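Q: The structure is given below, and queries will be raised subsequently.
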Amino acid sequence: MPIARQTPSARVRAPRVAVLLGAASALLMACGGSNTVNPAIPAAEAALAAGDIECIDGKIQSAGSSAQANAITEWVNVYQTACPESTIDYQPVGSGAGVEAFVSAQTSFGGTDKAVTDEDMDAARERCGDNPAINIPLVGGAIAVAYHLDGVDELVLDPATLSGIFASDITRWDDPAIAALNPGVSLPDAAIAQFHRSDSSGTTANFSDYLEATAPDAWDYDTGKEWTAPGGQGAKGSDQVIASVAQTPNSIGYVELSYILDAINAKPVAIDQGAGPVLPTADNASVTLASSEATGDDGDIVLSIDYTTQVPGAYPISIVTYEIVCVSGLEDGQNPELVAQFLAFAASDSGQQLLGEIGYVPLSGELLDAVRTSVGLVVEGAGR
Amino acid sequence: MSLLTPPRITGSSVRAGDRNFRFVTTGAGLTVLGVLAAIAAFLVWQSLPALQNNTGNVVTNQLWLPDADPPQWGIAVLIFGTLWTSIIAMAIAVPIGIGTALFITFYAPRRVARTLGFIVDLLAAVPSIIFGLWGLYYFMPEIVPAAQWLSTYLGWIPIFSNDLDLYTKSILIAGFVLAMMILPTVSAISREVFWQVPKGHIEASLALGATRWEMIRMAVLPFSRPGMISAAMLGLGRALGETIAVALILSAVFDINWQITEPGGNSIAANIALKWGEAAGNGRSALIATGMVLFFITLVVNMTARWVVNRRKEFSGAD
């Protein structure tokens with residue numbers, strides 16, 4: 001089925017227009033889906049030509065993290081376009097519910113923001129008929145800090161200053177701490193309008209984790225999906241945060257990487273952790289993921305991202321989300337071969353390249369090699 | 001009362017149609033009660049787990065961490081925000097709504113009255129997401145200078161003062177948008193009530209030499225008071241439960257803040273909309289508990305409205 005995708009950046013650029021466009025495209029689809037051009041066709045043709053897709057017929061259900069939903073949707077679009085006889089359903093129900101659905105054998109694989117460990121892992125093994133279950137990190141991401149200061153084209157912040165701003169300890173743009181990091185930049189004598197997420201969000205959890213890890217002195221609030229620091233303004237979803245920043249002069253906010261790429265009026269903050277300022281880009285975040293320590297045995301990969309990284313060119317506020325899968329022992333009815341081949345496509349060069357195009361972070365280096373080894377185990381376990 | 005109840009027909013003269021129709025109407029009435037009871041039972045049952053393991057005081061705690069370990073949450077901020085935004089909305093919408101209704105009923109030429117009434121009713125048909133997006137992207141930037149003016153010149157009134165120098169995503173803006181949403185309700189019901197003022201009262205007061213304003217003050221308003229109260233209460237009911245427009249506009253921070261020009265505020269319905277998606281088991285249970293509180297607040301508001309209306313009816317002097 002052709003699915004008309006709307007890139008997040010389009011939503012960011014002009015929310016009012018996007019609403020109209022959304023309504024218009026819904027109308028168009030209602031009038032006749034055959035009119036819409038499937039944007040996944042060229043990608044599917046390229047992946048088939050590169051030998052990155054092997055078609056398996058059938059249908060699988062999956063569910064989990066909403067953070068990786070757009071990435072999975074993109075892969076599903078391309079895979080299903082290349083293989084019309086297969087259907088892959090991914091429900092973005094959240095990580096906890098995704099793991100629960102996998103463990104209770106409702107789905108063929110689960111997506112999760114945090115690697116499955118301990119008791120949950122025991123339950124997952126049991127679900128796989130006492131065969132190993134593994135975490136495979138497949139989707140990388142990054143959180144960008146967006147600011148809106150007229151006439152300021154580059155802004156550098158370090159973790160302590162960033163924490164100060166988001167904890168409402170630093171409340172004005174001409175604060176000495178900000179000025180010291182940005183010599184020669186004329187900062188306005190204005191209050192900082194700080195935006196955070198008003199809804200529960202994994203983005204908030206990762207961002208506050210980062211602040212706690214890198215600036216424990218400046219940040220003494222809870223981490224987790226709820227924003228608990230005082231002050232600032234809440235906005236619903238990354239789309240509203242970036243729209244609020246774009247609309248409000250002298251503002252700052254944190255969003256997922258894809259939202260900053262084409263934003264107008266909002267620019268990304270370069271983070272300086274001692275090895276020079278680094279901008280949020282897919283490549284820079286990929287450096288951080290590749291240099292992170294991976295643990296886990298027998299194909300299981302759990303990544304601990306070093307937020308305090310000093311590797312040159314590594315953008316520190318990076319994240320990774322996992323798929324939890326059975327190495328073997330998935331019931332035939334849940335189509336283990338399709339799971340294996342879908343994961344193999346996701347881990348292929350074609351699959352990872354798609355991530356970069358939609359604002360996620362492709363994996364690289366030894367990490368990608370390790371991921372492919374793990375996916376290889378699943379392909380083997382599925383009996384092909 | 002007894003005049004309205006026909007004598008019950010007994011014996012062989014009972015027609016099948018009469019009996020069946022009575023069953024159907026009784027059934028319809030009971031269904032409504034049954035649904036309401038089922039909702040109440042569901043809310044209580046689902047909210048019990050979160051109420052039991054809450055380590056914060058459910059009434060006074062100002063945090064929202066129901067999925068933390070140990071869970072800690074309270075409804076103080078939410079109830080405050082829900083009532084405060086609704087009060088602001090009422091303060092704006094009730095005078096304007098009643099004024100509109102008076103103009104349409106007693107001042108406007110017939111053709112203007114009909115058009116204006118139609119337009120006000122049309123306002124009720126606009127979906128709330130449209131109000132929310134309009135409020136967020138168009139209205140908010142426009143109202144910032146007004147909020148600045150309020151805090152600069154009326155800042156000595158505590159609720160208008162602004163210590164942050166930030167004027168977006170405030171309770172004032174949410175109040176304005178809510179006011180626009182409840183305006184048609186208030187206005188339409190007031191209009192109906194004004195139409196019902198006995199022509200005799202109006203003509204008598206005019207015949208006694210009253211001006212139009214005196215006629216309205218002495219004949220129309222006293223007669224219509226219960227109706228206007230119920231109009232305001234129905235508007236309040238909608239304002240209390242309004243979800244998505246408030247969720248988009250308010251800053252939704254967990255903090256009790258009376259200053260209506262500063263960013264802040266939250267409401268029960270908006271909080272449910274914002275937190276439900278990522279909430280785990282206990283979080284959902286806590287959200288349902290807040291939903292139960294809203295359910296009972298709305299119930300109390302509506303029952304109070306009924307009570308006021310019934311109490312005043314006897315003295316209204318209707319003929």
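Here, A, B, ... name the chains of the structure tokens in the order displayed, residue numbers run from 1 inside each chain, and ligands are numbered from 1 in the same displayed order.
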Please run DSSP on the backbone and report, as a PyMOL selection string, all residues within range 123-202 of chain B that come out as helix (DSSP H, G or I).
A: chain B and resi 123-124+128-153+158-160+171-195+199-202
Q: Select from chain B every residue with an atom at most 6 Å from any atom of chain A, then for each give the shortest pair of atoms and their distance in Å to one decimal, using only C-alpha atoms, rows by chain and rising number, as a tab-separated table.
A:
residue	atom	partner	partner_atom	distance
B:Ser251	CA	A:Gly234	CA	4.2
B:Ala252	CA	A:Gly234	CA	5.5
B:Leu274	CA	A:Asp199	CA	4.4
B:Lys275	CA	A:Ser200	CA	5.2
B:Glu278	CA	A:Ser200	CA	5.7
Q: Suppose you want the space between CA of Thr309 in chain A and CA of Leu211 in chain A; what is it in Å?
A: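 These atoms are spaced 13.2 Å apart.
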Q: Please list as a PyMOL selection string every residue within 10 Å of range 182-186 of chain B, counting only C-alpha atoms and excluding residues in the same chain fewer than 6 positions away.
A: chain B and resi 86+89-90+92-98+100-101+117+119-125+227-239+242
Q: Keeping N, CA and C atoms, export the residues of the selection given above as a tab-separated table (two decimals), in the first residue's frame.
A:
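Heads up, here's the output in selection.tsv:
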chain	number	residue	atom	x	y	z
B	86	SER	N	-10.48	28.05	33.78
B	86	SER	CA	-11.92	28.12	33.54
B	86	SER	C	-12.50	29.40	34.10
B	89	ALA	N	-11.67	32.14	31.78
B	89	ALA	CA	-12.52	32.01	30.59
B	89	ALA	C	-13.93	32.51	30.87
B	90	MET	N	-14.47	32.16	32.05
B	90	MET	CA	-15.81	32.60	32.42
B	90	MET	C	-15.86	34.12	32.55
B	92	ILE	N	-14.31	36.27	31.01
B	92	ILE	CA	-14.34	36.91	29.70
B	92	ILE	C	-15.63	36.56	28.95
B	93	ALA	N	-16.00	35.28	28.98
B	93	ALA	CA	-17.06	34.81	28.08
B	93	ALA	C	-18.46	35.16	28.57
B	94	VAL	N	-18.69	35.14	29.88
B	94	VAL	CA	-20.06	35.33	30.36
B	94	VAL	C	-20.57	36.74	30.07
B	95	PRO	N	-19.81	37.80	30.40
B	95	PRO	CA	-20.32	39.13	30.05
B	95	PRO	C	-20.51	39.31	28.54
B	96	ILE	N	-19.54	38.85	27.77
B	96	ILE	CA	-19.65	39.02	26.31
B	96	ILE	C	-20.81	38.19	25.77
B	97	GLY	N	-20.94	36.98	26.26
B	97	GLY	CA	-22.00	36.09	25.78
B	97	GLY	C	-23.38	36.66	26.09
B	98	ILE	N	-23.56	37.15	27.32
B	98	ILE	CA	-24.86	37.70	27.70
B	98	ILE	C	-25.11	39.01	26.96
B	100	THR	N	-23.96	39.78	24.00
B	100	THR	CA	-24.32	39.41	22.63
B	100	THR	C	-25.78	39.00	22.56
B	101	ALA	N	-26.20	38.19	23.52
B	101	ALA	CA	-27.57	37.70	23.51
B	101	ALA	C	-28.56	38.85	23.69
B	117	GLY	N	-26.83	35.75	15.17
B	117	GLY	CA	-27.12	34.53	15.92
B	117	GLY	C	-26.56	33.31	15.22
B	119	ILE	N	-24.01	33.25	13.18
B	119	ILE	CA	-22.54	33.24	13.25
B	119	ILE	C	-22.05	32.77	14.61
B	120	VAL	N	-22.74	33.23	15.67
B	120	VAL	CA	-22.34	32.80	17.01
B	120	VAL	C	-22.51	31.29	17.15
B	121	ASP	N	-23.62	30.77	16.59
B	121	ASP	CA	-23.82	29.32	16.65
B	121	ASP	C	-22.74	28.59	15.87
B	122	LEU	N	-22.30	29.20	14.77
B	122	LEU	CA	-21.28	28.58	13.94
B	122	LEU	C	-19.98	28.40	14.73
B	123	LEU	N	-19.74	29.33	15.64
B	123	LEU	CA	-18.52	29.26	16.46
B	123	LEU	C	-18.49	27.95	17.26
B	124	ALA	N	-19.67	27.44	17.61
B	124	ALA	CA	-19.74	26.21	18.39
B	124	ALA	C	-19.36	25.01	17.55
B	125	ALA	N	-19.42	25.16	16.23
B	125	ALA	CA	-19.15	24.01	15.35
B	125	ALA	C	-17.67	23.88	15.02
B	227	GLY	N	-31.75	31.12	34.19
B	227	GLY	CA	-31.34	30.64	32.86
B	227	GLY	C	-29.92	31.07	32.54
B	228	MET	N	-29.57	32.31	32.91
B	228	MET	CA	-28.22	32.79	32.64
B	228	MET	C	-27.21	32.01	33.47
B	229	ILE	N	-27.61	31.69	34.71
B	229	ILE	CA	-26.69	30.91	35.55
B	229	ILE	C	-26.45	29.54	34.93
B	230	SER	N	-27.54	28.93	34.46
B	230	SER	CA	-27.34	27.60	33.88
B	230	SER	C	-26.53	27.71	32.59
B	231	ALA	N	-26.68	28.80	31.83
B	231	ALA	CA	-25.86	29.00	30.64
B	231	ALA	C	-24.39	29.09	31.01
B	232	ALA	N	-24.11	29.87	32.05
B	232	ALA	CA	-22.73	30.02	32.49
B	232	ALA	C	-22.17	28.68	32.98
B	233	MET	N	-23.00	27.93	33.70
B	233	MET	CA	-22.53	26.65	34.24
B	233	MET	C	-22.26	25.65	33.13
B	234	LEU	N	-23.11	25.64	32.10
B	234	LEU	CA	-22.87	24.73	30.99
B	234	LEU	C	-21.57	25.12	30.27
B	235	GLY	N	-21.34	26.44	30.14
B	235	GLY	CA	-20.07	26.89	29.58
B	235	GLY	C	-18.91	26.45	30.44
B	236	LEU	N	-19.08	26.58	31.75
B	236	LEU	CA	-18.02	26.15	32.67
B	236	LEU	C	-17.74	24.66	32.50
B	237	GLY	N	-18.80	23.88	32.31
B	237	GLY	CA	-18.61	22.44	32.11
B	237	GLY	C	-17.74	22.16	30.91
B	238	ARG	N	-17.96	22.91	29.83
B	238	ARG	CA	-17.13	22.68	28.64
B	238	ARG	C	-15.70	23.14	28.90
B	239	ALA	N	-15.54	24.28	29.57
B	239	ALA	CA	-14.20	24.81	29.83
B	239	ALA	C	-13.39	23.86	30.70
B	242	GLU	N	-12.23	20.83	28.56
B	242	GLU	CA	-11.56	21.05	27.29
B	242	GLU	C	-10.13	20.52	27.34
Q: Report, in Å to a single decimal, how far apart CA of Tyr254 in chain A and CA of Leu187 in chain A are.
A: 19.9 Å
Q: May I ask for the distance between CA of Ala263 in chain A and CA of Val287 in chain A, given in Å to one decimal place?
A: 23.6 Å
Q: For Thr161 in chain A, please output as number ranges by chain all residues within 12 Å (counting only C-alpha atoms; exclusion window: fewer than 6 positions along the same chain).
A: A: 155, 167-173, 175-182, 211, 214-219, 269, 271-273
Q: Please provide as a ChimeraX atom specification all residues within 9 Å of Met140 in chain B, with the sequence filter that same-chain residues fewer than 3 positions apart are discarded (counting only C-alpha atoms).
A: /B:134-137,143-144,167-169,173,249
Q: Kindly export the residues of the current selection with C-alpha atoms, as an mmCIF file, in the first residue's frame.
A:
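Result saved to part16.cif:
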data_model
loop_
_atom_site.group_PDB
_atom_site.id
_atom_site.type_symbol
_atom_site.label_atom_id
_atom_site.label_comp_id
_atom_site.auth_asym_id
_atom_site.auth_seq_id
_atom_site.Cartn_x
_atom_site.Cartn_y
_atom_site.Cartn_z
ATOM 1 C CA TRP B 134 -5.187 29.111 15.966
ATOM 2 C CA GLY B 135 -4.487 30.120 19.557
ATOM 3 C CA LEU B 136 -0.945 28.782 19.460
ATOM 4 C CA TYR B 137 0.222 30.040 16.077
ATOM 5 C CA ILE B 143 -1.655 38.935 22.467
ATOM 6 C CA VAL B 144 1.916 39.202 23.814
ATOM 7 C CA TYR B 167 4.528 36.301 28.058
ATOM 8 C CA THR B 168 3.834 33.209 25.927
ATOM 9 C CA LYS B 169 1.974 29.980 26.787
ATOM 10 C CA ILE B 173 -3.996 33.070 26.535
ATOM 11 C CA ILE B 249 -1.469 26.327 24.513
#
Q: Find the residues near range 323-325 of chain A: any atom within 7 Å, counting only C-alpha atoms, skip ones fewer than 3 places away on the same chain, and give them as number ranges by chain.
A: A: 109-112, 133-138
Q: With N, CA and C atoms retained, export the selected residues as a short mmCIF file (atom, residue, chain, number, x, y, z; two decimals), in the first residue's frame.
A:
data_model
loop_
_atom_site.label_atom_id
_atom_site.label_comp_id
_atom_site.auth_asym_id
_atom_site.auth_seq_id
_atom_site.Cartn_x
_atom_site.Cartn_y
_atom_site.Cartn_z
N PHE A 109 8.91 -9.36 17.02
CA PHE A 109 10.04 -8.69 17.67
C PHE A 109 9.56 -7.42 18.34
N GLY A 110 10.37 -6.89 19.25
CA GLY A 110 9.97 -5.68 19.97
C GLY A 110 11.01 -4.60 19.78
N GLY A 111 10.60 -3.36 19.87
CA GLY A 111 11.54 -2.24 19.80
C GLY A 111 11.60 -1.56 21.15
N THR A 112 12.79 -1.17 21.58
CA THR A 112 12.90 -0.58 22.91
C THR A 112 14.03 0.45 22.98
N ALA A 133 17.71 -14.86 23.50
CA ALA A 133 17.12 -13.64 22.93
C ALA A 133 18.19 -12.56 23.03
N ILE A 134 18.26 -11.69 22.03
CA ILE A 134 19.33 -10.68 22.04
C ILE A 134 18.80 -9.28 21.74
N ASN A 135 19.54 -8.30 22.25
CA ASN A 135 19.28 -6.90 21.89
C ASN A 135 20.16 -6.55 20.70
N ILE A 136 19.56 -5.99 19.66
CA ILE A 136 20.36 -5.51 18.53
C ILE A 136 20.12 -4.01 18.37
N PRO A 137 21.14 -3.18 18.58
CA PRO A 137 20.96 -1.76 18.33
C PRO A 137 20.92 -1.52 16.82
N LEU A 138 19.82 -0.98 16.33
CA LEU A 138 19.68 -0.80 14.88
C LEU A 138 19.49 0.65 14.47
#
